file start19.csv (CSV, C-alpha atoms)
chain,number,residue,atom,x,y,z
A,270,MET,CA,14.2,-9.0,-18.1
A,271,PRO,CA,16.1,-5.9,-16.9
A,272,GLU,CA,14.5,-2.4,-17.4
A,273,LEU,CA,17.6,-0.2,-17.4
A,274,TYR,CA,17.7,3.6,-17.2
A,275,ILE,CA,20.5,6.1,-16.5
A,276,GLY,CA,19.9,9.1,-14.2
A,277,LEU,CA,22.1,12.2,-14.4
A,278,MET,CA,22.1,14.8,-11.7
A,279,SER,CA,24.1,18.0,-11.1
A,280,GLY,CA,22.7,19.9,-8.1
A,281,THR,CA,22.8,23.5,-6.8
A,282,SER,CA,26.3,22.9,-5.3
A,283,ALA,CA,27.6,22.6,-8.9
A,284,ASP,CA,30.4,20.2,-7.8
A,285,GLY,CA,30.0,17.4,-10.3
A,286,ILE,CA,27.8,14.9,-12.2
A,287,ASP,CA,26.1,12.0,-10.4
A,288,ALA,CA,25.4,9.2,-12.9
A,289,GLY,CA,23.4,6.1,-11.8
A,290,LEU,CA,22.5,3.0,-13.7
A,291,ILE,CA,19.2,1.6,-12.3
A,292,ASP,CA,17.2,-1.5,-13.0
A,293,PHE,CA,13.4,-0.9,-12.5
A,294,SER,CA,12.3,-4.5,-13.4
A,295,ASN,CA,9.7,-6.2,-11.1
A,296,ASN,CA,8.6,-2.8,-9.8
A,297,LYS,CA,11.8,-2.4,-7.7
A,298,VAL,CA,14.7,0.1,-7.7
A,299,ARG,CA,18.1,-1.6,-8.0
A,300,LEU,CA,21.2,0.5,-8.4
A,301,ILE,CA,23.5,-1.5,-10.6
A,302,GLU,CA,26.4,1.0,-10.9
A,303,PHE,CA,27.3,4.6,-10.0
A,304,PHE,CA,29.8,7.0,-11.4
A,305,TYR,CA,30.8,10.5,-10.2
A,306,GLN,CA,32.5,13.0,-12.4
A,307,ALA,CA,33.8,16.0,-10.4
A,308,PHE,CA,33.9,19.4,-12.1
A,309,SER,CA,37.2,21.1,-12.6
A,310,PRO,CA,37.5,24.3,-10.5
A,311,ALA,CA,37.4,26.3,-13.8
A,312,PHE,CA,34.1,24.7,-14.8
A,313,SER,CA,32.5,25.1,-11.4
A,314,THR,CA,33.5,28.8,-11.6
A,315,LYS,CA,31.7,29.1,-14.9
A,316,ILE,CA,28.5,27.7,-13.4
A,317,HIS,CA,28.7,29.8,-10.3
A,318,THR,CA,29.4,32.9,-12.4
A,319,ILE,CA,26.6,32.4,-14.8
A,320,SER,CA,24.2,31.7,-12.0
A,321,GLN,CA,24.8,34.9,-10.0
A,322,VAL,CA,21.8,37.1,-9.4
A,323,ASP,CA,21.3,39.7,-12.2
A,324,GLN,CA,24.5,38.5,-13.9
A,325,LEU,CA,24.9,40.0,-17.3
A,326,ILE,CA,25.9,37.3,-19.8
A,327,TYR,CA,26.5,36.9,-23.5
A,328,LEU,CA,24.1,34.5,-25.2
A,329,LYS,CA,27.2,33.1,-26.9
A,330,ASP,CA,28.6,32.1,-23.5
A,331,LEU,CA,25.4,30.6,-22.4
A,332,GLY,CA,25.1,28.6,-25.6
A,333,ASN,CA,28.7,27.4,-25.4
A,334,LEU,CA,28.3,26.3,-21.8
A,335,ASP,CA,25.0,24.5,-22.6
A,336,ALA,CA,26.7,22.5,-25.4
A,337,GLU,CA,29.9,21.9,-23.4
A,338,PHE,CA,27.9,20.5,-20.4
A,339,GLY,CA,25.8,18.4,-22.7
A,340,CYS,CA,28.9,16.7,-23.9
A,341,MET,CA,30.1,16.2,-20.4
A,342,LEU,CA,26.8,14.6,-19.4
A,343,ALA,CA,27.1,12.2,-22.4
A,344,GLU,CA,30.7,11.3,-21.5
A,345,ALA,CA,29.7,10.6,-17.9
A,346,SER,CA,26.9,8.3,-19.2
A,347,LEU,CA,29.4,6.4,-21.4
A,348,ALA,CA,31.9,6.1,-18.5
A,349,LEU,CA,29.1,4.7,-16.3
A,350,LEU,CA,28.3,2.1,-18.9
A,351,ASP,CA,32.0,1.2,-19.3
A,352,LYS,CA,32.3,0.8,-15.6
A,353,ALA,CA,29.2,-1.5,-15.5
A,354,ASN,CA,30.3,-3.3,-18.7
A,355,ILE,CA,26.9,-2.8,-20.2
A,356,SER,CA,26.1,-1.7,-23.8
A,357,ALA,CA,24.2,1.5,-24.6
A,358,SER,CA,21.8,-0.6,-26.6
A,359,GLU,CA,20.5,-2.1,-23.4
A,360,ILE,CA,19.4,1.2,-21.9
A,361,LYS,CA,15.8,2.3,-22.3
A,362,ALA,CA,16.5,6.0,-21.7
A,363,ILE,CA,18.7,8.6,-19.9
A,364,GLY,CA,17.0,11.0,-17.5
A,365,SER,CA,19.1,14.2,-17.3
A,366,HIS,CA,18.3,16.9,-14.9
A,367,GLY,CA,21.0,19.2,-16.3
A,368,GLN,CA,22.4,22.1,-14.3
A,369,THR,CA,20.1,24.8,-13.0
A,370,VAL,CA,21.4,28.2,-13.7
A,371,TYR,CA,18.3,30.1,-12.7
A,372,HIS,CA,15.1,29.2,-10.9
A,373,ALA,CA,12.3,31.8,-10.8
A,374,PRO,CA,9.0,29.9,-10.8
A,375,LEU,CA,6.6,32.6,-9.6
A,376,PRO,CA,3.8,34.2,-11.8
A,377,PRO,CA,3.1,35.8,-14.1
A,378,HIS,CA,5.8,34.2,-16.2
A,379,GLY,CA,7.7,31.8,-14.0
A,380,PHE,CA,10.5,29.7,-15.4
A,381,SER,CA,13.3,27.4,-14.5
A,382,LEU,CA,16.4,27.2,-16.7
A,383,GLN,CA,18.7,24.2,-16.9
A,384,ILE,CA,21.7,23.7,-19.2
A,385,GLY,CA,23.2,20.5,-20.6
A,386,ASP,CA,22.0,20.1,-24.2
A,387,PRO,CA,20.0,16.8,-24.3
A,388,ASN,CA,20.5,16.7,-28.1
A,389,ARG,CA,24.2,16.2,-27.5
A,390,ILE,CA,23.5,13.5,-24.9
A,391,ALA,CA,21.3,11.5,-27.3
A,392,GLU,CA,23.6,12.0,-30.3
A,393,ILE,CA,26.8,11.1,-28.5
A,394,THR,CA,25.5,8.1,-26.5
A,395,GLY,CA,22.9,6.9,-29.1
A,396,ILE,CA,20.4,6.6,-26.1
A,397,THR,CA,17.0,8.2,-26.0
A,398,THR,CA,17.2,11.1,-23.5
A,399,VAL,CA,14.5,12.7,-21.4
A,400,ALA,CA,15.3,16.2,-20.1
A,401,ASP,CA,13.8,19.6,-19.2
A,402,PHE,CA,11.7,18.1,-16.5
A,403,ARG,CA,10.7,21.3,-14.6
A,404,ARG,CA,9.1,23.6,-17.1
A,405,ARG,CA,5.9,21.5,-17.8
A,406,ASP,CA,5.1,21.5,-14.2
A,407,ILE,CA,5.5,25.3,-14.1
A,408,ALA,CA,3.3,25.6,-17.2
A,409,ASN,CA,0.7,23.8,-15.3
A,410,GLY,CA,0.8,26.3,-12.4
A,411,GLY,CA,3.4,24.6,-10.3
A,412,GLN,CA,6.9,25.7,-9.2
A,413,GLY,CA,8.7,23.0,-11.0
A,414,ALA,CA,10.3,21.9,-7.7
A,415,PRO,CA,10.8,19.9,-5.8
A,416,LEU,CA,10.4,17.0,-8.3
A,417,VAL,CA,12.2,14.2,-6.4
A,418,PRO,CA,9.3,13.8,-3.8
A,419,ALA,CA,7.3,11.6,-6.3
A,420,PHE,CA,10.3,9.2,-6.3
A,421,HIS,CA,10.5,9.4,-2.5
A,422,GLN,CA,6.9,8.4,-2.3
A,423,ALA,CA,7.4,5.5,-4.6
A,424,VAL,CA,10.4,4.0,-2.9
A,425,PHE,CA,10.5,5.1,0.8
A,426,ALA,CA,6.8,5.4,1.9
A,427,ASP,CA,5.5,2.9,4.4
A,428,GLU,CA,1.8,2.8,5.4
A,429,ARG,CA,2.8,1.7,8.9
A,430,GLU,CA,4.4,5.0,9.9
A,431,ILE,CA,4.9,8.6,8.8
A,432,ARG,CA,8.4,9.2,7.4
A,433,THR,CA,10.1,12.4,6.2
A,434,VAL,CA,12.8,12.3,3.6
A,435,LEU,CA,15.3,15.1,4.0
A,436,ASN,CA,17.6,16.0,1.1
A,437,ILE,CA,20.4,18.4,2.0
A,438,GLY,CA,22.0,19.6,-1.2
A,439,GLY,CA,22.8,23.2,-2.0
A,440,ILE,CA,19.2,23.8,-1.0
A,441,ALA,CA,17.4,21.6,1.6
A,442,ASN,CA,14.0,20.0,1.0
A,443,ILE,CA,11.7,17.7,2.9
A,444,THR,CA,9.1,15.2,1.7
A,445,VAL,CA,6.5,14.0,4.3
A,446,LEU,CA,5.5,10.5,3.4
A,447,ASN,CA,2.3,8.8,4.5
A,448,HIS,CA,-0.4,6.8,2.8
A,449,GLN,CA,-2.5,9.9,2.0
A,450,SER,CA,-0.1,12.4,0.4
A,451,ALA,CA,3.5,13.5,0.1
A,452,PRO,CA,3.6,17.3,0.9
A,453,ALA,CA,7.1,18.5,0.1
A,454,PHE,CA,9.0,21.8,-0.2
A,455,ASP,CA,12.3,23.6,0.0
A,456,THR,CA,13.1,24.5,3.6
A,457,GLY,CA,15.8,27.0,2.6
A,458,PRO,CA,19.6,26.8,2.3
A,459,GLY,CA,21.3,23.5,2.7
A,460,ASN,CA,25.0,23.6,1.9
A,461,THR,CA,25.1,26.5,-0.5
A,462,LEU,CA,25.9,29.4,1.9
A,463,MET,CA,28.3,27.3,3.9
A,464,ASP,CA,30.1,26.2,0.8
A,465,PHE,CA,30.4,29.8,-0.4
A,466,TRP,CA,31.8,30.9,2.9
A,467,SER,CA,34.2,28.1,3.1
A,468,LYS,CA,35.5,28.8,-0.4
A,469,THR,CA,35.8,32.5,0.4
A,470,HIS,CA,37.8,32.1,3.6
A,471,LEU,CA,39.5,28.7,3.3
A,472,ASP,CA,39.6,28.3,-0.4
A,473,ARG,CA,37.9,24.9,0.1
A,474,ALA,CA,34.9,23.8,-1.9
A,475,PHE,CA,33.1,22.8,1.3
A,476,ASP,CA,33.5,22.5,5.1
A,477,GLU,CA,34.4,18.8,5.4
A,478,ASN,CA,32.4,17.2,8.2
A,479,GLY,CA,31.4,20.7,9.4
A,480,ASP,CA,34.7,20.9,11.2
A,481,TRP,CA,35.2,24.6,10.6
A,482,ALA,CA,31.6,25.3,11.7
A,483,ALA,CA,32.2,23.2,14.8
A,484,SER,CA,35.3,25.4,15.7
A,485,GLY,CA,33.1,28.5,15.9
A,486,LEU,CA,30.0,29.6,17.9
A,487,PRO,CA,26.7,30.6,16.4
A,488,ASP,CA,26.0,34.3,16.8
A,489,GLN,CA,22.4,34.5,18.0
A,490,ALA,CA,21.7,38.0,16.8
A,491,LEU,CA,23.0,37.2,13.3
A,492,LEU,CA,21.0,33.9,13.3
A,493,ALA,CA,17.9,35.9,14.2
A,494,GLU,CA,18.6,38.2,11.3
A,495,PHE,CA,19.0,35.3,8.9
A,496,LYS,CA,15.8,33.6,10.1
A,497,ALA,CA,13.7,36.8,9.8
A,498,ASP,CA,13.9,36.4,6.0
A,499,GLU,CA,10.4,36.2,4.5
A,500,TYR,CA,11.1,32.9,2.7
A,501,PHE,CA,11.0,31.0,6.0
A,502,GLN,CA,7.5,32.3,6.8
A,503,LEU,CA,6.0,31.4,3.4
A,504,PRO,CA,3.6,28.5,3.4
A,505,PRO,CA,4.3,25.5,1.1
A,506,PRO,CA,4.3,24.8,-1.8
A,507,LYS,CA,7.5,26.8,-2.2
A,508,SER,CA,10.8,26.4,-3.8
A,509,THR,CA,14.0,28.3,-3.9
A,510,GLY,CA,17.6,28.2,-5.2
A,511,ARG,CA,21.1,29.7,-5.1
A,512,GLU,CA,19.8,32.8,-7.0
A,513,TYR,CA,17.9,33.7,-3.8
A,514,PHE,CA,20.1,32.4,-1.0
A,515,SER,CA,23.2,33.9,-2.7
A,516,SER,CA,26.4,35.6,-1.8
A,517,ILE,CA,24.5,38.9,-2.2
A,518,TRP,CA,21.9,37.8,0.3
A,519,LEU,CA,24.6,36.8,2.8
A,520,PHE,CA,26.6,40.0,2.5
A,521,ASP,CA,23.5,42.1,2.8
A,522,LYS,CA,22.7,40.3,6.1
A,523,LEU,CA,26.3,40.7,7.3
A,524,LYS,CA,26.4,44.5,6.9
A,525,ALA,CA,25.1,45.0,10.4
A,526,PHE,CA,27.6,42.5,11.9
A,527,PRO,CA,31.0,43.5,10.6
A,528,ASN,CA,33.1,42.1,13.5
A,529,ILE,CA,31.9,38.5,13.7
A,530,PRO,CA,34.8,36.1,13.1
A,531,PRO,CA,34.5,34.0,10.0
A,532,GLN,CA,34.3,30.7,11.8
A,533,ASN,CA,31.4,32.1,13.8
A,534,VAL,CA,29.6,33.1,10.7
A,535,GLN,CA,30.1,29.5,9.4
A,536,ALA,CA,28.7,28.2,12.6
A,537,THR,CA,25.7,30.5,12.3
A,538,LEU,CA,25.1,29.4,8.7
A,539,CYS,CA,25.2,25.8,9.8
A,540,GLN,CA,22.8,26.5,12.6
A,541,LEU,CA,20.5,28.3,10.1
A,542,THR,CA,20.3,25.2,7.9
A,543,ALA,CA,19.7,23.0,11.0
A,544,ASP,CA,17.0,25.3,12.5
A,545,SER,CA,15.1,26.0,9.3
A,546,ILE,CA,14.9,22.2,8.6
A,547,ALA,CA,13.9,21.4,12.1
A,548,GLU,CA,11.3,24.1,12.3
A,549,ALA,CA,9.8,22.9,9.0
A,550,ILE,CA,9.6,19.3,10.2
A,551,SER,CA,8.1,20.4,13.5
A,552,GLN,CA,5.4,22.4,11.8
A,553,PHE,CA,4.5,20.1,8.9
A,554,ALA,CA,5.7,16.7,9.9
A,555,PRO,CA,5.5,16.6,13.8
A,556,ASP,CA,4.4,12.9,13.8
A,557,SER,CA,7.4,11.6,11.8
A,558,ALA,CA,8.7,8.3,13.1
A,559,LYS,CA,12.0,8.7,11.2
A,560,ILE,CA,13.9,11.3,9.1
A,561,LEU,CA,15.6,9.7,6.1
A,562,VAL,CA,18.6,11.8,5.2
A,563,CYS,CA,20.3,12.0,1.8
A,564,GLY,CA,22.4,14.5,-0.2
A,565,GLY,CA,25.8,15.9,0.4
A,566,GLY,CA,24.8,17.4,3.8
A,567,ALA,CA,24.3,13.8,5.1
A,568,HIS,CA,28.1,13.8,5.6
A,569,ASN,CA,28.2,17.0,7.6
A,570,ARG,CA,28.5,15.7,11.2
A,571,GLN,CA,28.2,19.1,12.8
A,572,LEU,CA,25.0,19.9,10.8
A,573,LEU,CA,23.4,16.5,11.7
A,574,SER,CA,24.3,16.9,15.3
A,575,SER,CA,22.7,20.3,15.5
A,576,LEU,CA,19.7,19.0,13.6
A,577,GLN,CA,19.2,16.0,15.8
A,578,ALA,CA,19.4,18.2,18.9
A,579,ASN,CA,16.3,20.1,17.6
A,580,LEU,CA,14.2,17.0,16.7
A,581,ASP,CA,12.5,14.3,18.8
A,582,CYS,CA,12.6,11.7,16.0
A,583,GLU,CA,15.5,9.7,14.8
A,584,LEU,CA,17.8,10.7,11.9
A,585,VAL,CA,18.7,7.8,9.7
A,586,SER,CA,20.6,7.5,6.3
A,587,THR,CA,18.6,6.4,3.3
A,588,ALA,CA,21.3,3.7,3.0
A,589,GLU,CA,19.3,1.8,5.6
A,590,PHE,CA,16.4,1.8,3.2
A,591,GLY,CA,18.4,0.6,0.2
A,592,ILE,CA,19.8,3.7,-1.5
A,593,HIS,CA,23.1,5.4,-0.5
A,594,PRO,CA,22.5,9.1,0.3
A,595,ASP,CA,24.7,10.2,-2.5
A,596,HIS,CA,22.8,8.2,-5.1
A,597,VAL,CA,19.1,9.2,-4.4
A,598,GLU,CA,18.8,12.0,-6.9
A,599,ALA,CA,20.4,10.2,-9.8
A,600,CYS,CA,18.0,7.3,-9.1
A,601,ALA,CA,15.2,9.8,-9.0
A,602,PHE,CA,15.8,11.3,-12.4
A,603,ALA,CA,16.2,7.8,-13.9
A,604,TRP,CA,12.8,7.1,-12.4
A,605,LEU,CA,11.3,10.3,-13.8
A,606,ALA,CA,12.6,9.3,-17.2
A,607,LYS,CA,10.9,6.0,-16.8
A,608,GLN,CA,7.6,7.7,-15.9
A,609,THR,CA,7.9,9.9,-19.0
A,610,MET,CA,8.7,7.0,-21.3
A,611,HIS,CA,5.7,5.1,-19.9
A,612,GLN,CA,3.5,8.2,-20.4
A,613,GLN,CA,3.0,8.5,-16.6
A,614,PRO,CA,3.1,11.8,-14.6
A,615,GLY,CA,6.2,12.6,-12.6
A,616,ASN,CA,5.1,15.5,-10.4
A,617,LEU,CA,3.2,15.6,-7.1
A,618,CYS,CA,0.7,18.5,-7.0
A,619,SER,CA,1.0,18.6,-3.2
A,620,SER,CA,4.7,19.3,-3.6
A,621,THR,CA,4.9,21.7,-6.6
A,622,GLY,CA,1.5,23.4,-6.5
A,623,ALA,CA,0.6,22.3,-10.0
A,624,LYS,CA,-3.1,22.1,-10.9
A,625,THR,CA,-2.9,18.5,-12.1
A,626,PRO,CA,-0.3,15.7,-12.5
A,627,VAL,CA,1.5,16.0,-15.8
A,628,ILE,CA,4.0,14.0,-17.9
A,629,LEU,CA,7.3,15.8,-17.5
A,630,GLY,CA,10.1,16.6,-19.9
A,631,GLY,CA,10.9,16.3,-23.5
A,632,ILE,CA,12.0,13.1,-25.3
A,633,TYR,CA,15.1,13.2,-27.5
A,634,PRO,CA,15.2,9.9,-29.5
A,635,GLY,CA,18.4,7.9,-29.6
A,636,LYS,CA,20.0,6.6,-32.8
A,637,SER,CA,18.2,3.3,-32.6
A,638,ILE,CA,14.7,4.9,-32.9
call {"tool": "encode", "arguments": {"input": "start19.csv", "output": "structure tokens"}}
result
Amino acid sequence: MPELYIGLMSGTSADGIDAGLIDFSNNKVRLIEFFYQAFSPAFSTKIHTISQVDQLIYLKDLGNLDAEFGCMLAEASLALLDKANISASEIKAIGSHGQTVYHAPLPPHGFSLQIGDPNRIAEITGITTVADFRRRDIANGGQGAPLVPAFHQAVFADEREIRTVLNIGGIANITVLNHQSAPAFDTGPGNTLMDFWSKTHLDRAFDENGDWAASGLPDQALLAEFKADEYFQLPPPKSTGREYFSSIWLFDKLKAFPNIPPQNVQATLCQLTADSIAEAISQFAPDSAKILVCGGGAHNRQLLSSLQANLDCELVSTAEFGIHPDHVEACAFAWLAKQTMHQQPGNLCSSTGAKTPVILGGIYPGKSI
């Protein structure tokens, strides 16, 4: 009998909603259907504006955006079910990550804030919804991120070899998989700075295939300035977000380099992402047999080419292991919802730094409960 869950994900790039319908029966992960709802430019702007460092906002605006996005997540879930021709009554639960608007997990009072009201999702869809996954881990001494490594361990690990899963979203993170543990952490910026620079100079949401970066040359002095940032020297566990690697961060670094052509800045940002990932893998996963790549950055040919040049092991798509690179995180939050519904922990202490494994998230009952 199918065990069906929906996973909803909107990442740090804030470009849209990934919605996946997954069957977890027989201890397997089978994606039945996938739906993507792109954000309008106006809505993306709202997210980016409210997420800026030290942005002054009205609570009314935050509350309205939380409610609006909750409705959007519910509508994406219903569109997914309509596409799959499956009734809401057949779904055990929805796992909703929401949209991170601020991530600051360090003591003494660390927190991570996501919007996308789960009450609205449960009420509109009638499906039990699990949300607010990160804060219980933080309450237990962790950083609330990365959370997807527990899913990586469950579906991609193989005792015959060491594998590293590389997710390149707005922020990049790695999960080192072997039979003993799954250390994981954010390596630094993934697409977020490249996306910002592309939007600023080309009025494009992202640099498709990395073509603009490929047209420029990395500036080695600027690259050294980027890589001197203290985040890259911090030991794991560690996590970061767009509130750290922000437009303010970038413009501050560029002050001493006023005459670098924009395409060379883009090439340098691309090289920064490639180098910071490669250096993290070389230091913490030198024996990896394969690097399994997922996330939007998996489509950036220039980035992958630069990354492969810095690594001895092979880069392969997670599609070769059963899950398309664009679908991994939606599947992961469906899996995290399943863990919560079964009263099982969803965090890995080796990844987040939490004291103990904990059951993540809050449960918002559907209408059938």
call {"tool": "atom_distance", "arguments": {"input": "start19.csv", "atom1": "atom CA of Gly564 of chain A", "atom2": "atom CA of Gly410 of chain A"}}
result
27.5 Å
call {"tool": "closest_atom_pairs", "arguments": {"input": "start19.csv", "of": "segment 402-428 of chain A", "to": "segment 503-516 of chain A", "cutoff": "10 Å", "atoms": "only C-alpha atoms", "output": "JSON lines"}}
result
{"residue": "A:Gly411", "atom": "CA", "partner": "A:Pro506", "partner_atom": "CA", "distance": 8.5}
{"residue": "A:Gln412", "atom": "CA", "partner": "A:Ser508", "partner_atom": "CA", "distance": 6.7}
{"residue": "A:Gly413", "atom": "CA", "partner": "A:Ser508", "partner_atom": "CA", "distance": 8.2}
{"residue": "A:Ala414", "atom": "CA", "partner": "A:Ser508", "partner_atom": "CA", "distance": 6.0}
{"residue": "A:Pro415", "atom": "CA", "partner": "A:Ser508", "partner_atom": "CA", "distance": 6.8}
call {"tool": "residues_around", "arguments": {"input": "start19.csv", "residues": "segment 389-404 of chain A", "least_positions_apart": "4", "cutoff": "6 Å", "atoms": "only C-alpha atoms", "output": "PyMOL selection string"}}
result
chain A and resi 339-340+343+362-365+413+606+629-636
call {"tool": "atom_distance", "arguments": {"input": "start19.csv", "atom1": "atom CA of Glu430 of chain A", "atom2": "atom CA of Ser557 of chain A"}}
result
7.5 Å
call {"tool": "residues_around", "arguments": {"input": "start19.csv", "residues": "segment 608-614 of chain A", "least_positions_apart": "6", "cutoff": "7 Å", "atoms": "only C-alpha atoms", "output": "NGL selection string"}}
result
:A and (626-629)
call {"tool": "atom_distance", "arguments": {"input": "start19.csv", "atom1": "atom CA of Asp521 of chain A", "atom2": "atom CA of Val534 of chain A"}}
result
13.4 Å
call {"tool": "closest_residue", "arguments": {"input": "start19.csv", "among": "A:Ala283, A:Ala558, A:Ile291, A:Ile319", "to": "Trp604 of chain A", "atoms": "only C-alpha atoms"}}
result
A:Ile291
call {"tool": "residues_near_point", "arguments": {"input": "start19.csv", "point": "(13.7, 11.7, 12.3)", "cutoff": "10 Å", "atoms": "all atoms listed in the file", "output": "number ranges by chain"}}
result
A: 431-435, 547, 550, 554-562, 576-577, 580-585
call {"tool": "residues_around", "arguments": {"input": "start19.csv", "residues": "Gly367 of chain A", "least_positions_apart": "4", "cutoff": "10 Å", "atoms": "only C-alpha atoms", "output": "number ranges by chain"}}
result
A: 277-280, 286, 335, 338-339, 342, 382-387, 400-402
call {"tool": "closest_residue", "arguments": {"input": "start19.csv", "among": "A:Phe553, A:Phe303, A:Phe312, A:Phe526", "to": "Leu491 of chain A", "atoms": "all atoms listed in the file"}}
result
A:Phe526
